[in-house]
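Undergrad: A single structure is presented below for examination.
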Amino acid sequence: MSILQLADSHPLLLITIIGGFGLLFGSFFNVVIYRLPKIMERNWHQECRLLLELPEQAETPFGLSLPHSHCPKCNAAVKAWQNIPVVSFLLLRGRCASCKTSIGLRYPAIEIATSALAVFSLLHFGLSPQGFAVVIFSWILLILTMIDIDHQLLPDQLTLPLLWLGLLFHSITGLLPLSDVVWGAIAGYLSLWSVFWLFKLLTGKEGMGYGDFKLLAALGAWLGWQMLPLVIILSSVVGAVLGVISLSLAGKSKSQPIPFGPYLAIAGWVAMFWGQEILDQYLQFAGLG
């Protein structure tokens with residue numbers, strides 16, 4: 001039985017399988033979200049020591065696979081049965097098996113979100129190259145969103161592959177003209193780059209980071225230049241609303257810097273699924289459609 005026949009005859013089973021794989025990937029994404037910024041920080045320190053001609057420091061191996069998962073409080077190793085996505089969190093009642101330290105709800109939340117994004121993307125676009133490409137697109141945006149929330153950082157290790165994957169996808173499938181996505185990448189980068197320098201010239205301050213330019217360039221590579229105005233407008237509206245709410249709930253000053261990457265990611269994801277419908281409705285409302 002082919003996967004398409006399975007989808008027709010047992011759709012619930014297929015959704016369960018996809019959701020299960022999504023949970024497994026979500027568990028790995030928790031590792032990436034936590035460790036990638038630390039890996040980058042260690043690399044920066046090493047490069048600084050090299051430039052300053054300081055002696056090298058002996059460091060324990062640290063990457064996505066090593067050291068093995070452990071409790072940050074008591075350092076107890078996480079056993080295999082304690083690392084089952086969502087299930088282990090429920091069995092342990094959200095606490096470390098050794099020291100009973102509370103485990104953040106964000107870990108199972110990210111696992112569930114990863115699974116939900118996979119299921120929703122494949123239900124929306126079908127079991128097609130586009131459907132699986134959108135799964136990868138959605139997953140990378142999720143990882144970038146969480147890292148930016150934690151560190152106000154959008155790593156090149158994720159934004160640049162996302163950009164190239166968008167160009168590669170459209171060059172293979174022809175879903176959008178290659179010229180549209182190439183100009184989408186160029187216009188995405190230059191639009192925020194221009195805003196950055198205009199703001200800096202007027203205020204002497206940096207209003208956003210270079211990672212935001214690269215993320216919008218990546219969104220342009222996936223969506224085409226035609227969707228960029230919608231992405232910018234949506235991200236600005238979402239950022240203004242959620243930013244004020246989050247600052248108010250946290251009791252912080254409105255001058256407190258907030259990451260813009262999550263709002264770009266949300267806007268890009270919405271545009272991927274419903275961008276054309278939103279534009280059509282707007283044009284019809286404006287009497288231009």
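Ordering of the structure tokens sets the chain letters (A, B, ...); residue numbers start at 1 within each chain; ligands are numbered from 1 in the order shown.
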Using only C-alpha atoms, determine which residues lie at most 7 Å from Pro108 (chain A), disregarding the query and same-chain residues fewer than 3 positions distant; provide the list as an MDAnalysis selection string.
TA: chainID A and resid 85:86 105 111:112
Undergrad: Region 3-229 of chain A: which residues are alpha helix (DSSP H) by DSSP, as a short mmCIF file (atom, residue, chain, number, x, y, z; two decimals) with N, CA and C atoms, in the first residue's frame?
TA:
data_model
loop_
_atom_site.label_atom_id
_atom_site.label_comp_id
_atom_site.auth_asym_id
_atom_site.auth_seq_id
_atom_site.Cartn_x
_atom_site.Cartn_y
_atom_site.Cartn_z
N ILE A 3 1.76 5.40 0.28
CA ILE A 3 1.41 6.39 1.30
C ILE A 3 0.15 7.16 0.91
N LEU A 4 -0.08 7.35 -0.39
CA LEU A 4 -1.30 8.03 -0.83
C LEU A 4 -2.53 7.16 -0.60
N GLN A 5 -2.40 5.84 -0.83
CA GLN A 5 -3.50 4.93 -0.54
C GLN A 5 -3.78 4.88 0.96
N LEU A 6 -2.70 4.92 1.76
CA LEU A 6 -2.87 4.95 3.21
C LEU A 6 -3.60 6.21 3.64
N ALA A 7 -3.27 7.33 3.01
CA ALA A 7 -3.93 8.59 3.36
C ALA A 7 -5.42 8.53 3.04
N ASP A 8 -5.78 7.88 1.93
CA ASP A 8 -7.18 7.79 1.54
C ASP A 8 -7.97 6.83 2.43
N SER A 9 -7.35 5.69 2.76
CA SER A 9 -8.08 4.66 3.49
C SER A 9 -8.00 4.83 5.00
N PRO A 11 -6.90 7.93 7.07
CA PRO A 11 -6.34 9.28 7.30
C PRO A 11 -5.95 9.52 8.75
N LEU A 12 -6.74 8.99 9.70
CA LEU A 12 -6.43 9.21 11.11
C LEU A 12 -5.12 8.53 11.49
N LEU A 13 -4.88 7.34 10.94
CA LEU A 13 -3.63 6.63 11.21
C LEU A 13 -2.45 7.43 10.67
N LEU A 14 -2.61 7.97 9.47
CA LEU A 14 -1.53 8.74 8.87
C LEU A 14 -1.24 10.00 9.68
N ILE A 15 -2.29 10.67 10.14
CA ILE A 15 -2.11 11.87 10.96
C ILE A 15 -1.38 11.52 12.25
N THR A 16 -1.72 10.36 12.84
CA THR A 16 -1.07 9.91 14.07
C THR A 16 0.42 9.66 13.83
N ILE A 17 0.74 9.04 12.71
CA ILE A 17 2.14 8.76 12.39
C ILE A 17 2.91 10.06 12.19
N ILE A 18 2.34 10.97 11.41
CA ILE A 18 3.00 12.25 11.17
C ILE A 18 3.17 13.02 12.48
N GLY A 19 2.10 13.00 13.29
CA GLY A 19 2.17 13.69 14.57
C GLY A 19 3.23 13.10 15.48
N GLY A 20 3.36 11.77 15.47
CA GLY A 20 4.37 11.11 16.29
C GLY A 20 5.78 11.50 15.88
N PHE A 21 6.03 11.51 14.55
CA PHE A 21 7.35 11.94 14.08
C PHE A 21 7.59 13.41 14.42
N GLY A 22 6.53 14.21 14.36
CA GLY A 22 6.66 15.62 14.73
C GLY A 22 7.08 15.79 16.18
N LEU A 23 6.54 14.98 17.07
CA LEU A 23 6.93 15.04 18.48
C LEU A 23 8.42 14.71 18.65
N LEU A 24 8.90 13.71 17.92
CA LEU A 24 10.31 13.33 18.00
C LEU A 24 11.21 14.47 17.52
N PHE A 25 10.83 15.07 16.40
CA PHE A 25 11.60 16.21 15.92
C PHE A 25 11.54 17.37 16.91
N GLY A 26 10.37 17.56 17.52
CA GLY A 26 10.24 18.63 18.50
C GLY A 26 11.17 18.46 19.68
N SER A 27 11.37 17.21 20.11
CA SER A 27 12.31 16.94 21.20
C SER A 27 13.72 17.35 20.80
N PHE A 28 14.09 17.06 19.54
CA PHE A 28 15.41 17.47 19.06
C PHE A 28 15.50 18.98 18.92
N PHE A 29 14.42 19.62 18.50
CA PHE A 29 14.43 21.08 18.34
C PHE A 29 14.62 21.77 19.69
N ASN A 30 14.12 21.18 20.76
CA ASN A 30 14.39 21.73 22.09
C ASN A 30 15.89 21.79 22.36
N VAL A 31 16.60 20.76 21.92
CA VAL A 31 18.05 20.72 22.08
C VAL A 31 18.70 21.83 21.24
N VAL A 32 18.25 21.97 20.00
CA VAL A 32 18.81 22.99 19.11
C VAL A 32 18.58 24.38 19.69
N ILE A 33 17.38 24.65 20.14
CA ILE A 33 17.03 25.97 20.69
C ILE A 33 17.90 26.30 21.90
N TYR A 34 18.16 25.32 22.72
CA TYR A 34 18.95 25.56 23.94
C TYR A 34 20.45 25.62 23.64
N ARG A 35 20.92 24.72 22.78
CA ARG A 35 22.38 24.57 22.63
C ARG A 35 23.01 25.42 21.54
N LEU A 36 22.28 25.69 20.45
CA LEU A 36 22.90 26.42 19.35
C LEU A 36 23.46 27.78 19.78
N PRO A 37 22.72 28.61 20.54
CA PRO A 37 23.32 29.87 21.00
C PRO A 37 24.55 29.66 21.87
N LYS A 38 24.56 28.62 22.69
CA LYS A 38 25.72 28.35 23.53
C LYS A 38 26.92 27.90 22.69
N ILE A 39 26.66 27.12 21.67
CA ILE A 39 27.73 26.71 20.76
C ILE A 39 28.32 27.94 20.07
N MET A 40 27.46 28.84 19.62
CA MET A 40 27.92 30.06 18.96
C MET A 40 28.75 30.91 19.92
N GLU A 41 28.31 31.01 21.17
CA GLU A 41 29.05 31.79 22.17
C GLU A 41 30.43 31.21 22.42
N ARG A 42 30.51 29.88 22.52
CA ARG A 42 31.82 29.25 22.71
C ARG A 42 32.73 29.49 21.51
N ASN A 43 32.17 29.44 20.32
CA ASN A 43 32.96 29.70 19.11
C ASN A 43 33.46 31.14 19.09
N TRP A 44 32.61 32.08 19.49
CA TRP A 44 33.03 33.49 19.54
C TRP A 44 34.19 33.67 20.52
N HIS A 45 34.10 33.03 21.68
CA HIS A 45 35.16 33.14 22.68
C HIS A 45 36.46 32.58 22.12
N GLN A 46 36.37 31.45 21.43
CA GLN A 46 37.57 30.85 20.84
C GLN A 46 38.18 31.77 19.79
N GLU A 47 37.34 32.39 18.97
CA GLU A 47 37.85 33.29 17.93
C GLU A 47 38.49 34.53 18.55
N CYS A 48 37.89 35.04 19.63
CA CYS A 48 38.47 36.21 20.31
C CYS A 48 39.83 35.87 20.91
N ARG A 49 39.94 34.71 21.52
CA ARG A 49 41.21 34.30 22.09
C ARG A 49 42.26 34.13 21.00
N LEU A 50 41.84 33.64 19.85
CA LEU A 50 42.76 33.47 18.73
C LEU A 50 43.24 34.83 18.21
N LEU A 51 42.30 35.78 18.06
CA LEU A 51 42.66 37.11 17.57
C LEU A 51 43.56 37.85 18.55
N VAL A 87 5.12 12.46 26.76
CA VAL A 87 4.77 11.35 27.66
C VAL A 87 5.61 11.39 28.93
N SER A 88 6.94 11.56 28.77
CA SER A 88 7.82 11.58 29.94
C SER A 88 7.50 12.77 30.84
N PHE A 89 7.17 13.90 30.24
CA PHE A 89 6.81 15.08 31.03
C PHE A 89 5.59 14.78 31.91
N LEU A 90 4.61 14.08 31.34
CA LEU A 90 3.41 13.74 32.09
C LEU A 90 3.70 12.70 33.17
N LEU A 91 4.50 11.69 32.82
CA LEU A 91 4.84 10.65 33.79
C LEU A 91 5.63 11.22 34.97
N ARG A 106 7.53 24.83 28.45
CA ARG A 106 7.86 25.14 27.06
C ARG A 106 8.39 23.91 26.32
N TYR A 107 8.99 22.96 27.04
CA TYR A 107 9.56 21.79 26.36
C TYR A 107 8.47 20.93 25.72
N PRO A 108 7.46 20.49 26.47
CA PRO A 108 6.38 19.76 25.78
C PRO A 108 5.59 20.65 24.83
N ALA A 109 5.52 21.96 25.13
CA ALA A 109 4.79 22.88 24.24
C ALA A 109 5.46 22.94 22.87
N ILE A 110 6.78 23.00 22.84
CA ILE A 110 7.50 23.04 21.56
C ILE A 110 7.34 21.72 20.83
N GLU A 111 7.35 20.59 21.56
CA GLU A 111 7.15 19.29 20.92
C GLU A 111 5.76 19.21 20.29
N ILE A 112 4.76 19.68 21.02
CA ILE A 112 3.40 19.65 20.49
C ILE A 112 3.27 20.61 19.30
N ALA A 113 3.88 21.80 19.41
CA ALA A 113 3.81 22.77 18.31
C ALA A 113 4.48 22.21 17.05
N THR A 114 5.62 21.54 17.22
CA THR A 114 6.31 20.94 16.07
C THR A 114 5.43 19.91 15.39
N SER A 115 4.78 19.07 16.19
CA SER A 115 3.88 18.05 15.66
C SER A 115 2.68 18.69 14.97
N ALA A 116 2.09 19.69 15.60
CA ALA A 116 0.92 20.35 15.03
C ALA A 116 1.24 21.04 13.71
N LEU A 117 2.42 21.67 13.62
CA LEU A 117 2.82 22.33 12.39
C LEU A 117 2.96 21.34 11.24
N ALA A 118 3.52 20.16 11.55
CA ALA A 118 3.68 19.13 10.51
C ALA A 118 2.33 18.63 10.02
N VAL A 119 1.46 18.31 10.96
CA VAL A 119 0.14 17.79 10.60
C VAL A 119 -0.65 18.83 9.82
N PHE A 120 -0.67 20.06 10.32
CA PHE A 120 -1.46 21.11 9.66
C PHE A 120 -0.93 21.39 8.26
N SER A 121 0.40 21.46 8.12
CA SER A 121 0.98 21.76 6.81
C SER A 121 0.63 20.70 5.79
N LEU A 122 0.71 19.42 6.19
CA LEU A 122 0.43 18.34 5.24
C LEU A 122 -1.07 18.19 4.97
N LEU A 123 -1.90 18.53 5.94
CA LEU A 123 -3.33 18.54 5.68
C LEU A 123 -3.71 19.67 4.72
N HIS A 124 -3.02 20.80 4.85
CA HIS A 124 -3.34 21.97 4.02
C HIS A 124 -2.82 21.80 2.60
N PHE A 125 -1.58 21.37 2.45
CA PHE A 125 -0.95 21.28 1.13
C PHE A 125 -0.91 19.86 0.58
N PRO A 129 5.46 17.48 -2.53
CA PRO A 129 6.72 18.18 -2.25
C PRO A 129 6.49 19.52 -1.58
N GLN A 130 5.44 20.23 -1.99
CA GLN A 130 5.16 21.52 -1.36
C GLN A 130 4.78 21.33 0.11
N GLY A 131 3.97 20.30 0.40
CA GLY A 131 3.58 20.05 1.77
C GLY A 131 4.77 19.79 2.68
N PHE A 132 5.69 18.93 2.24
CA PHE A 132 6.86 18.61 3.07
C PHE A 132 7.81 19.79 3.15
N ALA A 133 7.91 20.58 2.06
CA ALA A 133 8.75 21.78 2.10
C ALA A 133 8.21 22.78 3.11
N VAL A 134 6.89 22.92 3.17
CA VAL A 134 6.29 23.86 4.12
C VAL A 134 6.48 23.37 5.56
N VAL A 135 6.52 22.06 5.76
CA VAL A 135 6.83 21.53 7.09
C VAL A 135 8.20 22.03 7.53
N ILE A 136 9.20 21.89 6.66
CA ILE A 136 10.56 22.34 6.99
C ILE A 136 10.58 23.84 7.22
N PHE A 137 9.90 24.58 6.34
CA PHE A 137 9.78 26.04 6.47
C PHE A 137 9.20 26.40 7.85
N SER A 138 8.13 25.74 8.24
CA SER A 138 7.47 26.04 9.51
C SER A 138 8.36 25.68 10.69
N TRP A 139 9.05 24.56 10.61
CA TRP A 139 9.91 24.13 11.71
C TRP A 139 11.07 25.09 11.94
N ILE A 140 11.70 25.54 10.86
CA ILE A 140 12.82 26.46 11.02
C ILE A 140 12.34 27.79 11.60
N LEU A 141 11.16 28.24 11.18
CA LEU A 141 10.61 29.48 11.75
C LEU A 141 10.34 29.31 13.24
N LEU A 142 9.87 28.13 13.65
CA LEU A 142 9.62 27.88 15.07
C LEU A 142 10.92 27.96 15.87
N ILE A 143 11.96 27.32 15.38
CA ILE A 143 13.25 27.34 16.08
C ILE A 143 13.78 28.77 16.16
N LEU A 144 13.73 29.49 15.05
CA LEU A 144 14.21 30.88 15.05
C LEU A 144 13.42 31.75 16.03
N THR A 145 12.11 31.54 16.07
CA THR A 145 11.27 32.31 16.98
C THR A 145 11.69 32.12 18.43
N MET A 146 11.90 30.88 18.83
CA MET A 146 12.25 30.60 20.23
C MET A 146 13.65 31.12 20.58
N ILE A 147 14.60 30.97 19.66
CA ILE A 147 15.95 31.48 19.94
C ILE A 147 15.94 33.00 20.04
N ASP A 148 15.17 33.65 19.17
CA ASP A 148 15.10 35.11 19.21
C ASP A 148 14.43 35.60 20.48
N ILE A 149 13.42 34.90 20.94
CA ILE A 149 12.78 35.26 22.20
C ILE A 149 13.76 35.13 23.36
N ASP A 150 14.56 34.08 23.35
CA ASP A 150 15.50 33.82 24.45
C ASP A 150 16.71 34.74 24.42
N HIS A 151 17.25 35.00 23.22
CA HIS A 151 18.56 35.66 23.12
C HIS A 151 18.58 36.88 22.22
N ASP A 156 22.77 32.82 11.72
CA ASP A 156 22.98 32.59 10.29
C ASP A 156 22.87 31.11 9.96
N GLN A 157 23.18 30.24 10.93
CA GLN A 157 23.11 28.79 10.70
C GLN A 157 21.70 28.34 10.35
N LEU A 158 20.70 29.19 10.61
CA LEU A 158 19.32 28.85 10.29
C LEU A 158 18.72 29.76 9.22
N THR A 159 18.99 31.08 9.31
CA THR A 159 18.37 32.00 8.35
C THR A 159 18.91 31.79 6.93
N LEU A 160 20.22 31.55 6.81
CA LEU A 160 20.78 31.39 5.47
C LEU A 160 20.35 30.08 4.81
N PRO A 161 20.38 28.93 5.52
CA PRO A 161 19.82 27.72 4.91
C PRO A 161 18.35 27.87 4.54
N LEU A 162 17.58 28.58 5.37
CA LEU A 162 16.18 28.80 5.04
C LEU A 162 16.05 29.57 3.73
N LEU A 163 16.90 30.56 3.54
CA LEU A 163 16.87 31.33 2.29
C LEU A 163 17.22 30.44 1.09
N TRP A 164 18.31 29.69 1.20
CA TRP A 164 18.74 28.85 0.08
C TRP A 164 17.74 27.74 -0.21
N LEU A 165 17.12 27.21 0.84
CA LEU A 165 16.11 26.17 0.63
C LEU A 165 14.91 26.72 -0.16
N GLY A 166 14.53 27.96 0.13
CA GLY A 166 13.43 28.57 -0.61
C GLY A 166 13.76 28.72 -2.09
N LEU A 167 14.96 29.22 -2.37
CA LEU A 167 15.37 29.37 -3.76
C LEU A 167 15.47 28.01 -4.46
N LEU A 168 16.03 27.04 -3.76
CA LEU A 168 16.18 25.70 -4.33
C LEU A 168 14.82 25.06 -4.60
N PHE A 169 13.90 25.20 -3.66
CA PHE A 169 12.57 24.62 -3.81
C PHE A 169 11.88 25.16 -5.06
N HIS A 170 11.89 26.46 -5.23
CA HIS A 170 11.20 27.05 -6.38
C HIS A 170 11.94 26.80 -7.69
N SER A 171 13.27 26.69 -7.62
CA SER A 171 14.02 26.39 -8.85
C SER A 171 13.72 24.98 -9.34
N ILE A 172 13.41 24.05 -8.40
CA ILE A 172 13.10 22.67 -8.78
C ILE A 172 11.64 22.51 -9.18
N THR A 173 10.74 23.09 -8.39
CA THR A 173 9.31 22.88 -8.63
C THR A 173 8.70 23.86 -9.61
N LEU A 178 11.40 31.86 -10.79
CA LEU A 178 12.66 32.03 -10.06
C LEU A 178 13.00 33.51 -9.90
N SER A 179 12.67 34.31 -10.89
CA SER A 179 12.96 35.75 -10.79
C SER A 179 12.20 36.38 -9.63
N ASP A 180 10.95 35.91 -9.38
CA ASP A 180 10.15 36.47 -8.28
C ASP A 180 10.79 36.18 -6.93
N VAL A 181 11.30 34.96 -6.74
CA VAL A 181 11.85 34.61 -5.43
C VAL A 181 13.25 35.18 -5.24
N VAL A 182 14.00 35.30 -6.33
CA VAL A 182 15.32 35.93 -6.21
C VAL A 182 15.16 37.40 -5.84
N TRP A 183 14.25 38.09 -6.53
CA TRP A 183 13.99 39.49 -6.18
C TRP A 183 13.31 39.60 -4.82
N GLY A 184 12.57 38.57 -4.42
CA GLY A 184 11.99 38.55 -3.08
C GLY A 184 13.08 38.54 -2.02
N ALA A 185 14.12 37.73 -2.24
CA ALA A 185 15.23 37.68 -1.29
C ALA A 185 15.98 39.01 -1.25
N ILE A 186 16.22 39.58 -2.43
CA ILE A 186 16.95 40.85 -2.50
C ILE A 186 16.14 41.97 -1.84
N ALA A 187 14.86 42.06 -2.22
CA ALA A 187 14.01 43.14 -1.68
C ALA A 187 13.78 42.96 -0.19
N GLY A 188 13.64 41.71 0.26
CA GLY A 188 13.45 41.47 1.69
C GLY A 188 14.63 41.97 2.51
N TYR A 189 15.82 41.68 2.04
CA TYR A 189 17.01 42.14 2.78
C TYR A 189 17.15 43.65 2.72
N LEU A 190 17.04 44.22 1.53
CA LEU A 190 17.30 45.65 1.37
C LEU A 190 16.25 46.52 2.04
N SER A 191 15.01 46.04 2.12
CA SER A 191 13.95 46.86 2.72
C SER A 191 14.23 47.12 4.20
N LEU A 192 14.54 46.08 4.96
CA LEU A 192 14.83 46.28 6.38
C LEU A 192 16.21 46.90 6.59
N TRP A 193 17.14 46.58 5.69
CA TRP A 193 18.46 47.22 5.76
C TRP A 193 18.32 48.74 5.63
N SER A 194 17.45 49.19 4.72
CA SER A 194 17.24 50.63 4.52
C SER A 194 16.59 51.26 5.74
N VAL A 195 15.60 50.56 6.32
CA VAL A 195 14.94 51.06 7.54
C VAL A 195 15.95 51.16 8.68
N PHE A 196 16.82 50.16 8.79
CA PHE A 196 17.83 50.14 9.84
C PHE A 196 18.72 51.37 9.76
N TRP A 197 19.23 51.67 8.57
CA TRP A 197 20.16 52.78 8.43
C TRP A 197 19.46 54.13 8.53
N LEU A 198 18.24 54.23 8.04
CA LEU A 198 17.49 55.47 8.18
C LEU A 198 17.23 55.77 9.65
N PHE A 199 16.81 54.74 10.40
CA PHE A 199 16.55 54.91 11.83
C PHE A 199 17.84 55.28 12.56
N LYS A 200 18.95 54.65 12.17
CA LYS A 200 20.22 54.94 12.84
C LYS A 200 20.69 56.36 12.55
N LEU A 201 20.51 56.82 11.32
CA LEU A 201 20.91 58.19 10.97
C LEU A 201 20.07 59.23 11.71
N LEU A 202 18.78 58.92 11.92
CA LEU A 202 17.89 59.87 12.57
C LEU A 202 18.03 59.87 14.08
N THR A 203 18.29 58.71 14.67
CA THR A 203 18.30 58.60 16.13
C THR A 203 19.66 58.26 16.72
N TYR A 210 20.87 42.52 12.15
CA TYR A 210 21.05 42.04 10.78
C TYR A 210 20.33 40.71 10.56
N GLY A 211 20.10 39.97 11.62
CA GLY A 211 19.35 38.72 11.48
C GLY A 211 17.95 38.94 10.95
N ASP A 212 17.35 40.08 11.31
CA ASP A 212 16.01 40.39 10.81
C ASP A 212 16.03 40.59 9.29
N PHE A 213 17.11 41.24 8.77
CA PHE A 213 17.22 41.43 7.32
C PHE A 213 17.25 40.08 6.62
N LYS A 214 18.07 39.17 7.19
CA LYS A 214 18.26 37.86 6.57
C LYS A 214 16.99 37.02 6.64
N LEU A 215 16.25 37.16 7.75
CA LEU A 215 15.01 36.40 7.87
C LEU A 215 13.99 36.88 6.85
N LEU A 216 13.87 38.20 6.68
CA LEU A 216 12.91 38.70 5.68
C LEU A 216 13.37 38.33 4.27
N ALA A 217 14.67 38.30 4.04
CA ALA A 217 15.18 37.84 2.75
C ALA A 217 14.78 36.38 2.51
N ALA A 218 14.88 35.56 3.56
CA ALA A 218 14.48 34.15 3.43
C ALA A 218 12.99 34.02 3.15
N LEU A 219 12.18 34.85 3.81
CA LEU A 219 10.74 34.82 3.55
C LEU A 219 10.44 35.25 2.11
N GLY A 220 11.19 36.23 1.62
CA GLY A 220 11.02 36.64 0.24
C GLY A 220 11.39 35.53 -0.74
N ALA A 221 12.40 34.72 -0.35
CA ALA A 221 12.81 33.60 -1.21
C ALA A 221 11.75 32.50 -1.25
N TRP A 222 10.96 32.38 -0.21
CA TRP A 222 9.90 31.37 -0.18
C TRP A 222 8.60 31.89 -0.77
N LEU A 223 8.30 33.17 -0.55
CA LEU A 223 6.97 33.71 -0.89
C LEU A 223 6.96 34.56 -2.15
N LEU A 228 5.92 40.47 0.15
CA LEU A 228 6.70 41.19 1.16
C LEU A 228 5.93 42.34 1.82
N PRO A 229 5.19 43.17 1.06
CA PRO A 229 4.42 44.22 1.75
C PRO A 229 3.45 43.65 2.79
#
Undergrad: Tell me, in Å to one decimal, how far CA of Trp274 (chain A) is from CA of Leu127 (chain A).
TA: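 Computing it gives 18.5 Å between the two atoms.
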Undergrad: What is the distance between CA of Leu230 (chain A) and CA of Gly243 (chain A), in Å to one decimal?
TA: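 Taking CA of Leu230 (chain A) and CA of Gly243 (chain A), their separation equals 19.0 Å.
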